[in-house]
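Enquirer: Mind looking over this structure? Questions follow.
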Amino acid sequence: TSGVLKLAGARLDARGVTISGPAIDVSIADLATRQSSGLLRATSIASGTNALDDVALKFERIGPLTLLDLAGKFDGAPLTLAGSVEPREDAVALNLDAFTAAPRKIPVKLAAPTTILVRDGAALIDKLVIAAGDGTIAVDGSAGKVLNLDVKIAALPASLANAFAKDLEAEGTLSATATVKGNAAAPVATFAANLTGASTSRTRAQGLENLDVAAKGQFANNVLNADIATTLKGQPAQAAIEVRLTGGTLKVPTIKLSVGKTVVTGNLALDAT
């Protein structure tokens, strides 16, 4: 049995997602074997302040495999995704073959094909690597009600931050490792990062040399603890800081700064509401 299904509407709202101008065009070659192909279109798909415009999703089911080809615009730039969905004995496999986007004019792409398995409400991620600028962000592990993720950042240009802050003119290279573990509602994150050759328009205007900055710390229970080390004008500089966010109040109960033999300690409280 075969058939054709065509639907169109003005707007669809569901669970905080608004789909404007939805249109569906599906051809069913064999209903018994679910062999079908089609095109899903929408003027936009929006959730909060994020929106994917001019959406066109082509799909084709061949045997157990459903091929996907997505095109649209995100943040004013083209977004594309190619892959497939494949049911397995105890999981569903999302095979990602290609992905490109440019949020805030920052080009990002999938560095290599990968597969994400969805099993028992959790996503199992194996070597998901996103290239951004000349650097990469790699993620491995699992994400669901419980998180167990390893993140590695390599050679990420600090200049990417310029898209978020006008006149920053940041330079340098960031490398970092992080782990995120525990309950998704209250995860524990630990990190270690190195920023080499760092400078901004302000540091250069002050005549400061490029900085090499090392940082490590942990975020848990809405508390950030971090240790930072660098060198300022030939003098070792260190900072130890604790930041707490409680009931809309940002508290810094511990600040310790040292440059050479000079040490400054203190605390701070800000109303974040």
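Convention: chains lettered A, B, ... in structure tokens order; per-chain residue numbering from 1; ligands numbered from 1 as shown.
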Within 7 Å of Ala193 (chain A), counting only C-alpha atoms, which residues qualify if same-chain residues fewer than 6 places away don't, as a PDB file with C-alpha atoms, in the first residue's frame?
Expert:
```pdb
ATOM      1  CA  SER A 175      43.440  24.581  26.089  1.00  0.00           C
ATOM      2  CA  ALA A 176      41.459  22.901  28.868  1.00  0.00           C
ATOM      3  CA  THR A 177      40.088  19.701  30.305  1.00  0.00           C
ATOM      4  CA  ALA A 214      46.822  28.690  34.330  1.00  0.00           C
ATOM      5  CA  ALA A 215      43.582  28.012  36.188  1.00  0.00           C
ATOM      6  CA  LYS A 216      42.047  25.034  37.952  1.00  0.00           C
TER       7      LYS A 216
END
```
Enquirer: For Asn222 (chain A), find every residue with an atom within 10 Å (counting only C-alpha atoms), except residues of its own chain fewer than 6 positions away, and show them as a VMD selection string.
Expert: chain A and resid 186 to 188 243 to 246
Enquirer: Mind dumping the selected residues with N, CA and C atoms as a PDB file, in the first residue's frame?
Expert:
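This went into part.pdb:
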```pdb
ATOM      1  N   ALA A 186      22.201  18.797  39.855  1.00  0.00           N
ATOM      2  CA  ALA A 186      23.240  19.378  40.703  1.00  0.00           C
ATOM      3  C   ALA A 186      24.576  18.735  40.383  1.00  0.00           C
ATOM      4  N   PRO A 187      25.102  18.970  39.184  1.00  0.00           N
ATOM      5  CA  PRO A 187      26.346  18.312  38.782  1.00  0.00           C
ATOM      6  C   PRO A 187      27.568  18.906  39.476  1.00  0.00           C
ATOM      7  N   VAL A 188      28.639  18.140  39.437  1.00  0.00           N
ATOM      8  CA  VAL A 188      29.935  18.596  39.939  1.00  0.00           C
ATOM      9  C   VAL A 188      30.884  18.677  38.753  1.00  0.00           C
ATOM     10  N   VAL A 243      33.382  31.662  44.967  1.00  0.00           N
ATOM     11  CA  VAL A 243      32.190  32.406  44.566  1.00  0.00           C
ATOM     12  C   VAL A 243      30.961  31.565  44.870  1.00  0.00           C
ATOM     13  N   ARG A 244      29.985  32.177  45.591  1.00  0.00           N
ATOM     14  CA  ARG A 244      28.747  31.481  45.942  1.00  0.00           C
ATOM     15  C   ARG A 244      27.545  32.256  45.418  1.00  0.00           C
ATOM     16  N   LEU A 245      26.573  31.544  44.873  1.00  0.00           N
ATOM     17  CA  LEU A 245      25.317  32.154  44.453  1.00  0.00           C
ATOM     18  C   LEU A 245      24.204  31.530  45.281  1.00  0.00           C
ATOM     19  N   THR A 246      23.633  32.331  46.177  1.00  0.00           N
ATOM     20  CA  THR A 246      22.598  31.841  47.093  1.00  0.00           C
ATOM     21  C   THR A 246      21.454  32.834  47.159  1.00  0.00           C
TER      22      THR A 246
END
```
Enquirer: What gap, in Å, lies between CA of Thr18 (chain A) and CA of Thr80 (chain A)?
Expert: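 Interatomic distance here is 20.3 Å.
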Enquirer: Excluding Asp90 (chain A) and its own-chain neighbours fewer than 6 positions away, which residues fall within 10 Å of it when counting only C-alpha atoms? Please give them as a PyMOL selection string.
Expert: chain A and resi 117-120
Enquirer: Which of these, A:Ile62, A:Ile125, A:Ala132, A:Leu68, has the shortest distance to Asp150 (chain A) once you count only C-alpha atoms?
Expert: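 Distance minimum relative to Asp150 (chain A) lands on A:Ile125.
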Enquirer: What's around Gly83 (chain A) at 6 Å? Count only C-alpha atoms, leave out sequence neighbours fewer than 6 positions away in its own chain, and write the answer as a list in words.
Expert: Leu68, Asn95, Leu96 and Asp97 of chain A
Enquirer: Identify, on the basis of only C-alpha atoms, every residue whose closest approach to Val263 (chain A) does not exceed 10 Å; exclude the query and any residue fewer than 4 positions from it along the same chain; express the result as a list in words.
Expert: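 The filter keeps Ala237, Gln238, Ala239, Lys256, Leu257, Ser258 and Val259 of chain A.
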Enquirer: Would you export the selected residues with N, CA, C and O atoms as a compact mmCIF listing (two decimals), in the first residue's frame, please?
Expert:
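Below is the file selection-v9.txt, written as the result:
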```txt
# COMPACT_ATOMS: atom_id res chain seq x y z
N ALA A 237 52.17 36.03 39.96
CA ALA A 237 50.87 36.52 40.43
C ALA A 237 49.92 35.34 40.58
O ALA A 237 49.85 34.48 39.70
N GLN A 238 49.22 35.32 41.70
CA GLN A 238 48.29 34.23 41.98
C GLN A 238 46.99 34.77 42.55
O GLN A 238 46.97 35.83 43.19
N ALA A 239 45.92 34.04 42.32
CA ALA A 239 44.62 34.41 42.88
C ALA A 239 43.90 33.14 43.29
O ALA A 239 43.91 32.13 42.58
N LYS A 256 41.87 36.05 47.56
CA LYS A 256 43.27 36.23 47.94
C LYS A 256 44.08 36.47 46.68
O LYS A 256 44.13 35.63 45.79
N LEU A 257 44.69 37.64 46.61
CA LEU A 257 45.51 38.02 45.46
C LEU A 257 46.93 38.27 45.91
O LEU A 257 47.16 38.90 46.96
N SER A 258 47.87 37.80 45.13
CA SER A 258 49.27 38.07 45.45
C SER A 258 50.05 38.35 44.18
O SER A 258 49.87 37.67 43.17
N VAL A 259 50.87 39.41 44.24
CA VAL A 259 51.79 39.75 43.16
C VAL A 259 53.15 39.97 43.80
O VAL A 259 53.33 40.91 44.57
```
Enquirer: Could you list, with a cut-off of 9 Å and counting only C-alpha atoms, the residues of region 54-113 of chain A near region 154-168 of chain A, each shown with its nearest atom pair and the distance in Å rounded to one decimal, rows sorted by chain and ascending number, as JSON lines?
Expert:
```
{"residue": "A:Arg104", "atom": "CA", "partner": "A:Ala163", "partner_atom": "CA", "distance": 6.0}
{"residue": "A:Lys105", "atom": "CA", "partner": "A:Ala163", "partner_atom": "CA", "distance": 7.4}
{"residue": "A:Ile106", "atom": "CA", "partner": "A:Leu160", "partner_atom": "CA", "distance": 6.9}
```
Enquirer: Run DSSP on the backbone and give me the residues of region 56-201 of chain A it puts in helix (DSSP H, G or I), as a PyMOL selection string.
Expert: chain A and resi 103-105+158-163+201
Enquirer: Next, dump the selected residues to file, keeping only N, CA, C and O atoms, as a PDB file, in the first residue's frame.
Expert:
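Generated output (out-v3.pdb):
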```pdb
ATOM      1  N   PRO A 103      27.145  30.488  14.623  1.00  0.00           N
ATOM      2  CA  PRO A 103      26.524  31.396  15.594  1.00  0.00           C
ATOM      3  C   PRO A 103      27.451  32.562  15.908  1.00  0.00           C
ATOM      4  O   PRO A 103      28.654  32.374  16.091  1.00  0.00           O
ATOM      5  N   ARG A 104      26.866  33.776  15.929  1.00  0.00           N
ATOM      6  CA  ARG A 104      27.658  34.994  16.155  1.00  0.00           C
ATOM      7  C   ARG A 104      28.841  35.092  15.187  1.00  0.00           C
ATOM      8  O   ARG A 104      29.911  35.586  15.518  1.00  0.00           O
ATOM      9  N   LYS A 105      28.636  34.542  13.994  1.00  0.00           N
ATOM     10  CA  LYS A 105      29.634  34.556  12.926  1.00  0.00           C
ATOM     11  C   LYS A 105      30.877  33.740  13.268  1.00  0.00           C
ATOM     12  O   LYS A 105      31.935  33.919  12.651  1.00  0.00           O
ATOM     13  N   ALA A 158      41.376  32.526  21.502  1.00  0.00           N
ATOM     14  CA  ALA A 158      40.698  33.463  22.399  1.00  0.00           C
ATOM     15  C   ALA A 158      39.941  34.528  21.613  1.00  0.00           C
ATOM     16  O   ALA A 158      39.003  35.139  22.131  1.00  0.00           O
ATOM     17  N   SER A 159      40.317  34.723  20.357  1.00  0.00           N
ATOM     18  CA  SER A 159      39.646  35.728  19.524  1.00  0.00           C
ATOM     19  C   SER A 159      38.167  35.413  19.313  1.00  0.00           C
ATOM     20  O   SER A 159      37.392  36.299  18.937  1.00  0.00           O
ATOM     21  N   LEU A 160      37.746  34.146  19.564  1.00  0.00           N
ATOM     22  CA  LEU A 160      36.333  33.810  19.433  1.00  0.00           C
ATOM     23  C   LEU A 160      35.485  34.614  20.419  1.00  0.00           C
ATOM     24  O   LEU A 160      34.304  34.864  20.173  1.00  0.00           O
ATOM     25  N   ALA A 161      36.087  35.024  21.541  1.00  0.00           N
ATOM     26  CA  ALA A 161      35.350  35.816  22.540  1.00  0.00           C
ATOM     27  C   ALA A 161      35.010  37.205  22.023  1.00  0.00           C
ATOM     28  O   ALA A 161      34.121  37.869  22.567  1.00  0.00           O
ATOM     29  N   ASN A 162      35.678  37.646  20.976  1.00  0.00           N
ATOM     30  CA  ASN A 162      35.410  38.984  20.438  1.00  0.00           C
ATOM     31  C   ASN A 162      33.990  39.109  19.892  1.00  0.00           C
ATOM     32  O   ASN A 162      33.447  40.214  19.800  1.00  0.00           O
ATOM     33  N   ALA A 163      33.388  37.974  19.537  1.00  0.00           N
ATOM     34  CA  ALA A 163      32.016  38.003  19.027  1.00  0.00           C
ATOM     35  C   ALA A 163      31.012  38.339  20.120  1.00  0.00           C
ATOM     36  O   ALA A 163      29.881  38.727  19.832  1.00  0.00           O
ATOM     37  N   SER A 201      42.606  44.432  24.175  1.00  0.00           N
ATOM     38  CA  SER A 201      42.901  45.820  23.805  1.00  0.00           C
ATOM     39  C   SER A 201      43.307  46.634  25.031  1.00  0.00           C
ATOM     40  O   SER A 201      44.199  47.488  24.952  1.00  0.00           O
TER      41      SER A 201
END
```
Enquirer: Just want the 8 Å neighbourhood of Pro87 (chain A), counted on only C-alpha atoms, with same-chain residues fewer than 3 positions away dropped. Output as a PDB file with all heavy atoms, in the first residue's frame.
Expert:
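To be explicit, this is the file written out as result_25.pdb:
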```pdb
ATOM      1  N   PRO A  64      15.770  -0.295   7.906  1.00  0.00           N
ATOM      2  CA  PRO A  64      15.632   0.226   9.264  1.00  0.00           C
ATOM      3  C   PRO A  64      16.226   1.635   9.415  1.00  0.00           C
ATOM      4  O   PRO A  64      16.060   2.265  10.459  1.00  0.00           O
ATOM      5  CB  PRO A  64      16.431  -0.779  10.102  1.00  0.00           C
ATOM      6  CG  PRO A  64      17.484  -1.270   9.165  1.00  0.00           C
ATOM      7  CD  PRO A  64      16.847  -1.307   7.803  1.00  0.00           C
ATOM      8  N   LEU A  65      16.908   2.115   8.382  1.00  0.00           N
ATOM      9  CA  LEU A  65      17.637   3.372   8.474  1.00  0.00           C
ATOM     10  C   LEU A  65      16.794   4.532   7.944  1.00  0.00           C
ATOM     11  O   LEU A  65      16.176   4.435   6.887  1.00  0.00           O
ATOM     12  CB  LEU A  65      18.926   3.265   7.653  1.00  0.00           C
ATOM     13  CG  LEU A  65      20.083   4.196   8.005  1.00  0.00           C
ATOM     14  CD1 LEU A  65      20.602   3.899   9.400  1.00  0.00           C
ATOM     15  CD2 LEU A  65      21.209   4.046   6.989  1.00  0.00           C
ATOM     16  N   ALA A  91      18.687   0.263  21.876  1.00  0.00           N
ATOM     17  CA  ALA A  91      18.962   1.696  21.819  1.00  0.00           C
ATOM     18  C   ALA A  91      18.565   2.241  20.453  1.00  0.00           C
ATOM     19  O   ALA A  91      18.238   1.489  19.529  1.00  0.00           O
ATOM     20  CB  ALA A  91      20.442   1.963  22.085  1.00  0.00           C
ATOM     21  N   VAL A  92      18.602   3.549  20.339  1.00  0.00           N
ATOM     22  CA  VAL A  92      18.435   4.235  19.058  1.00  0.00           C
ATOM     23  C   VAL A  92      19.733   4.966  18.762  1.00  0.00           C
ATOM     24  O   VAL A  92      20.255   5.696  19.610  1.00  0.00           O
ATOM     25  CB  VAL A  92      17.261   5.233  19.098  1.00  0.00           C
ATOM     26  CG1 VAL A  92      17.186   6.018  17.794  1.00  0.00           C
ATOM     27  CG2 VAL A  92      15.951   4.502  19.351  1.00  0.00           C
ATOM     28  N   ALA A  93      20.275   4.749  17.567  1.00  0.00           N
ATOM     29  CA  ALA A  93      21.542   5.359  17.181  1.00  0.00           C
ATOM     30  C   ALA A  93      21.283   6.582  16.317  1.00  0.00           C
ATOM     31  O   ALA A  93      20.569   6.516  15.319  1.00  0.00           O
ATOM     32  CB  ALA A  93      22.412   4.369  16.430  1.00  0.00           C
TER      33      ALA A  93
END
```
Enquirer: Quick one: pull the distance between CA of Leu250 (chain A) and CA of Val213 (chain A), Å, one decimal.
Expert: 24.7 Å
Enquirer: As a list in words, please: the residues near Ala8 (chain A) (cut-off 9 Å, only C-alpha atoms, same-chain neighbours under 2 positions excluded).
Expert: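 These residues fall inside the cut-off: Lys6, Ala10, Gly21, Pro22, Ala23, Ile24 and Asp25 of chain A.
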